[in-house]
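These notes concern the structure reproduced below.
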Amino acid sequence: MPIPPLDQIRVIVATDCGSTTTKAILIQLVDGEYRQTHRGEAPTTVEEPLADVTIGVVNALTELQELAGRRLIDDHGEIIRPARENVGCDIYISTSSAGGGLQMLVAGVVREMTAASAKRAALGAGAIVLETLAANDRRPAHEQIQQIRELRPDMILLAGGTDGGNIRQVVQIAERIAPAKPQPRFGGEYRMPVIFAGNRDAAPLIRETFHDDVDLTIVDNLRPVLEHENLTPARDAIHDLFLEHVMAHAPGYGRLMSWADAPIMPTPGAVGNILQSIAKKEGINVVGVDIGGATTDVFSVFDGVFNRTVSANLGMSYSISNVCAEATLPRILRWVHVDMDERELRNRVKNKMIRPTTIPQTLEALVFEQAVAREALRLAYAQHKEFATTLQGVQQQRGIGDMFRQTSGPQTIVDDLRLDLLVASGGVLSHAPRMEQTAAMLIDAFEPAGITLLAKDSIFMMPHLGVLAEVHPEAALAVFERDCLIRLGTCVAPVGRGERGQPCLDYAISQGGQAINGTLTCGEMLRLPLPPGTTAPARFTPRRGFNLGAGPGQPVERSVQGGTVGLILDARGRPLELPTDRADCRRTVTDWVDRLALYADAD
């Protein structure tokens with residue numbers, strides 16, 4: 001059924017088929033504005049014994065129609081379209097990460113250059129990258145071939161060489177993949193999809209190397225010259241093949257695709273899509289995070305450049321032991337202000353892995369879980385910064401000031417001083433008992449610098465809105481602003497270090513006709529009430545050696561946005577360092593907890 005004209009769309013149904021839960025939302029035109037009105041969910045049914053994803057979708061839509069009082073499913077289990085009075089919808093769209101989502105193998109000539117660009121393309125399309133192969137990989141060829149045989153990815157992305165450059169090395173990579181005869185994850189009734197996005201002069205030899213053993217798609221080079229990345233053609237091909245091969249052969253997805261009015265997108269790709277849309281519309285830099293039980297996804301858009309990373313072993317249930325091992329228990333306990341027994345904590349970690357759906361039942365359990373979350377987020381963000389870099393191999397012009405910097409190679413494009421919006425999603429962040437706890441976890445883990453708006457996804461709606469942005473951008477952005485984002489407030493944090501008690505930041509804020517003035521000393525935090533939907537003109541003057549984005553000691557005048565938490569002034573310094581002495585650390589963290597009233601209801 002063709003999509004009706006945008007001005008005739010008044011009822012939208014969207015689903016996200018997750019690995020465990022299928023979530024459905026209803027968006028309606030209310031008083032001339034698009035609003036998310038109802039939500040339903042049901043267990044995902046892509047696995048045995050049901051092995052049909054549409055059963056879970058119908059169950060989620062059945063709950064949605066009961067809550068909304070609007071019939072959406074007919075007697076034959078089909079979605080009713082178009083909308084009329086209290087029946088049906090105008091469009092239906094969906095995303096999916098069920099069945100493990102999209103899993104890819106990427107390959108390039110140089111790991112730090114074309115292979116890194118291929119990985120960026122795959123991650124940006126919403127894939128999980130199982131392995132990265134490169135010509136400068138130190139593993140013997142037979143080990144690479146064996147791994148290719150064992151991985152069983154959904155598709156392969158091969159890149160390498162600039163247009164007009166050497167073709168030998170990229171052909172050698174293809175010659176390692178071809179003899180492995182890689183098999184797709186969902187059965188053997190179709191050939192492995194392979195995308196070649198490398199030196200165009202090598203395309204005929206690549207085709208000859210693979211013969212008819214794979215389903216080869218050739219697109220424009222994703223690194224046509226060293227100084228430029230062109231990821232869009234590869235990402236578009238990944239989305240097309242995801243629908244044509246992966247979704248078409250996954251249980252029940254053929255029927256689901258026939259229902260949908262737009263191509264089904266991988267869930268992470270849809271999240272990245274809405275963040276890119278809001279960054280472009282507002283002209284801002286954005287970082288988003290989704291922390292789950294097994295993995296943590298971090299997204300960023302800086303100056304229009306999008307990056308996504310997947311920290312595959314950092315999560316809050318299945319991967320919680322990996323967080324504890326990588327971060328170490330002493331670093332996690334830095335954030336704990338109450339007395340805890342380490343042996344009991346280790347048992348708590350093991351129990352969480354065994355029973356991943358359990359939630360904290362005591363204050364101590366909640367404090368520990370949020371301490372683990374801080375470290376998982378910190379590690380994931382550090383990995384993201386290492387990946388989201390300027391292009392390797394590009395010669396940089398250096399000024400006289402750069403001669404004194406001890407840096408070489410690619411630099412991260414993630415600049416905390418230029419970050420405008422930090423968005424949180426995932427159970428431990430979205431479902432924290434108090435909004436102040438969500439804000440504190442974000443600030444402690446990401447260490448936003450300068451002036452940053454903090455927000456969270458109210459009900460993990462970003463995937464639905466990401467695919468909606470492909471069909472109806474106006475509706476997607478309207479719902480994102482009005483119903484998806486819960487604004488927590490604004491964090492003001494100078495960059496620099498100083499002795500505790502040393503003056504750090506002078507502030508002057510005009511709120512409700514009243515002037516609020518003061519000075520924050522190093523190590524202090526201050527929370528000021530500033531309700532959602534309000535702004536306040538403010539002037540912040542960092543002391544000598546501290547920077548809010550305008551330069552060391554330079555004042556910044558800006559209207560700051562309010563939220564459920566309000567305005568948080570953070571003079572703890574950047575980078576953030578906690579006392580090494582355990583007793584001193586607990587006293588310091590207790591002071592921060594009290595100032596932000598993190599656990600006030602538990603007293």
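Ordered as shown in the structure tokens, chains take letters A, B, and onward, while each chain numbers its residues from 1 and ligands are numbered from 1 in the order shown.
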
Closest-contact table, range 156-200 of chain A side, partner range 206-218 of chain A, 8 Å, counting only C-alpha atoms, as a Markdown table:
| residue | atom | partner | partner_atom | distance |
| --- | --- | --- | --- | --- |
| A:Val171 | CA | A:Ile206 | CA | 6.1 |
| A:Ala174 | CA | A:Ile206 | CA | 6.6 |
| A:Glu175 | CA | A:Thr209 | CA | 6.5 |
| A:Ala178 | CA | A:Phe210 | CA | 5.6 |
| A:Lys181 | CA | A:Asp213 | CA | 7.2 |
| A:Arg191 | CA | A:Val214 | CA | 5.0 |
| A:Met192 | CA | A:Val214 | CA | 5.0 |
| A:Pro193 | CA | A:Asp215 | CA | 4.7 |
| A:Val194 | CA | A:Leu216 | CA | 4.9 |
| A:Ile195 | CA | A:Thr217 | CA | 4.8 |
| A:Phe196 | CA | A:Ile218 | CA | 4.8 |
| A:Ala197 | CA | A:Ile218 | CA | 6.3 |

Near range 475-477 of chain A, within 6 Å and counting only C-alpha atoms, which residues show up once chain neighbours fewer than 5 positions away are dropped, as a list in words? Tyr34, Leu465, Leu468 and Ala469 of chain A

Prev. selection, N, CA and C atoms, output as a PDB file, in the first residue's frame:
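This went into part.pdb:
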ATOM      1  N   TYR A  34       1.830  16.305  16.378  1.00  0.00           N
ATOM      2  CA  TYR A  34       2.053  14.865  16.503  1.00  0.00           C
ATOM      3  C   TYR A  34       2.532  14.539  17.913  1.00  0.00           C
ATOM      4  N   LEU A 465      11.410   6.470  16.217  1.00  0.00           N
ATOM      5  CA  LEU A 465      11.473   7.793  15.599  1.00  0.00           C
ATOM      6  C   LEU A 465      12.543   7.859  14.523  1.00  0.00           C
ATOM      7  N   LEU A 468      10.917   6.503  11.504  1.00  0.00           N
ATOM      8  CA  LEU A 468       9.880   7.456  11.106  1.00  0.00           C
ATOM      9  C   LEU A 468      10.483   8.667  10.411  1.00  0.00           C
ATOM     10  N   ALA A 469      11.690   9.050  10.804  1.00  0.00           N
ATOM     11  CA  ALA A 469      12.349  10.200  10.190  1.00  0.00           C
ATOM     12  C   ALA A 469      12.592   9.980   8.695  1.00  0.00           C
TER      13      ALA A 469
END

Can you pull out the residues contacting range 582-595 of chain A? Cut-off 12 Å, using only C-alpha atoms, and skip same-chain residues under 6 positions away; I want them as a ChimeraX atom specification. /A:330-340,367,371,436-437,439-441,443-444,500,523-528,568-572,601,603

Would you write out those residues with C-alpha atoms, as a compact mmCIF listing (two decimals), in the first residue's frame?
# COMPACT_ATOMS: atom_id res chain seq x y z
CA PRO A 330 38.42 -0.60 43.56
CA ARG A 331 37.56 1.86 40.77
CA ILE A 332 33.90 0.90 40.97
CA LEU A 333 33.90 1.33 44.76
CA ARG A 334 35.14 4.91 44.32
CA TRP A 335 31.51 5.82 43.60
CA VAL A 336 30.09 3.98 46.62
CA HIS A 337 29.46 6.18 49.67
CA VAL A 338 28.14 3.41 51.95
CA ASP A 339 30.01 0.55 53.60
CA MET A 340 30.06 -2.63 51.50
CA VAL A 367 24.21 2.28 44.79
CA ALA A 371 28.55 2.58 40.46
CA GLU A 436 19.01 13.10 39.82
CA GLN A 437 20.61 9.65 39.75
CA ALA A 439 22.01 12.98 35.69
CA ALA A 440 24.76 12.07 38.17
CA MET A 441 25.67 8.87 36.30
CA ILE A 443 28.07 13.57 34.55
CA ASP A 444 30.40 11.20 36.43
CA ARG A 500 40.35 21.80 46.97
CA GLY A 523 35.72 20.07 44.40
CA GLU A 524 32.24 21.51 44.96
CA MET A 525 28.94 20.71 43.26
CA LEU A 526 25.82 22.88 43.41
CA ARG A 527 22.30 22.11 42.22
CA LEU A 528 19.94 24.99 41.54
CA ILE A 568 24.08 21.57 38.05
CA LEU A 569 27.31 23.51 38.60
CA ASP A 570 30.23 21.08 38.72
CA ALA A 571 33.57 22.49 39.94
CA ARG A 572 35.21 19.12 40.53
CA ASP A 601 13.83 9.17 49.36
CA ASP A 603 16.69 8.11 54.11

Nearest residue to Gly88 in chain A from the set A:Ala122, A:Ile9, A:Leu366, A:Ala455 (distances using only C-alpha atoms): A:Ile9

Length of the CA of Ser97 in chain A to CA of Pro251 in chain A vector [Å]: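 These two atoms are separated by 12.9 Å.
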
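Neighbouring residues of Leu377 in chain A at 10 Å or closer, counting only C-alpha atoms and skipping chain neighbours under 5 positions away, are Val289, Asp290, Ile291, Thr296, Asp297, Val298, Ser311, Leu314, Gly315, Val323, Val372, Ala382, Gln383, Met441, Leu442, Asp444, Ala445 and Phe446 of chain A.
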
For Thr438 in chain A, which residue out of A:Glu150, A:Leu596, A:Asp52, A:Tyr507 is the nearest one, using only C-alpha atoms?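 Of all the options, A:Leu596 lies closest to Thr438 in chain A.
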
Got a sec to tell me which of range 39-250 of chain A DSSP assigns to alpha helix (DSSP H), as an MDAnalysis selection string? chainID A and resid 53:68 114:124 141:151 168:177 203:210 232:241 248:249

Give me the residues within 7 Å of Thr412 in chain A as a PyMOL selection string, counting only C-alpha atoms and dropping any in the same chain fewer than 3 places off. chain A and resi 385-386+388-390

Mind writing the picked residues with N, CA and C atoms as a CSV table (one decimal), in the first residue's frame?
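Everything below was put into selection14.csv:
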chain,number,residue,atom,x,y,z
A,385,LYS,N,35.8,7.4,21.9
A,385,LYS,CA,36.7,8.5,21.5
A,385,LYS,C,37.9,8.0,20.7
A,386,GLU,N,38.3,6.8,21.1
A,386,GLU,CA,39.5,6.3,20.3
A,386,GLU,C,39.1,5.9,18.9
A,388,ALA,N,36.3,7.4,17.1
A,388,ALA,CA,35.8,8.5,16.4
A,388,ALA,C,36.9,9.5,16.2
A,389,THR,N,37.8,9.3,15.2
A,389,THR,CA,39.0,10.1,15.1
A,389,THR,C,39.0,10.8,13.7
A,390,THR,N,40.0,11.7,13.6
A,390,THR,CA,40.3,12.2,12.3
A,390,THR,C,40.9,11.1,11.4
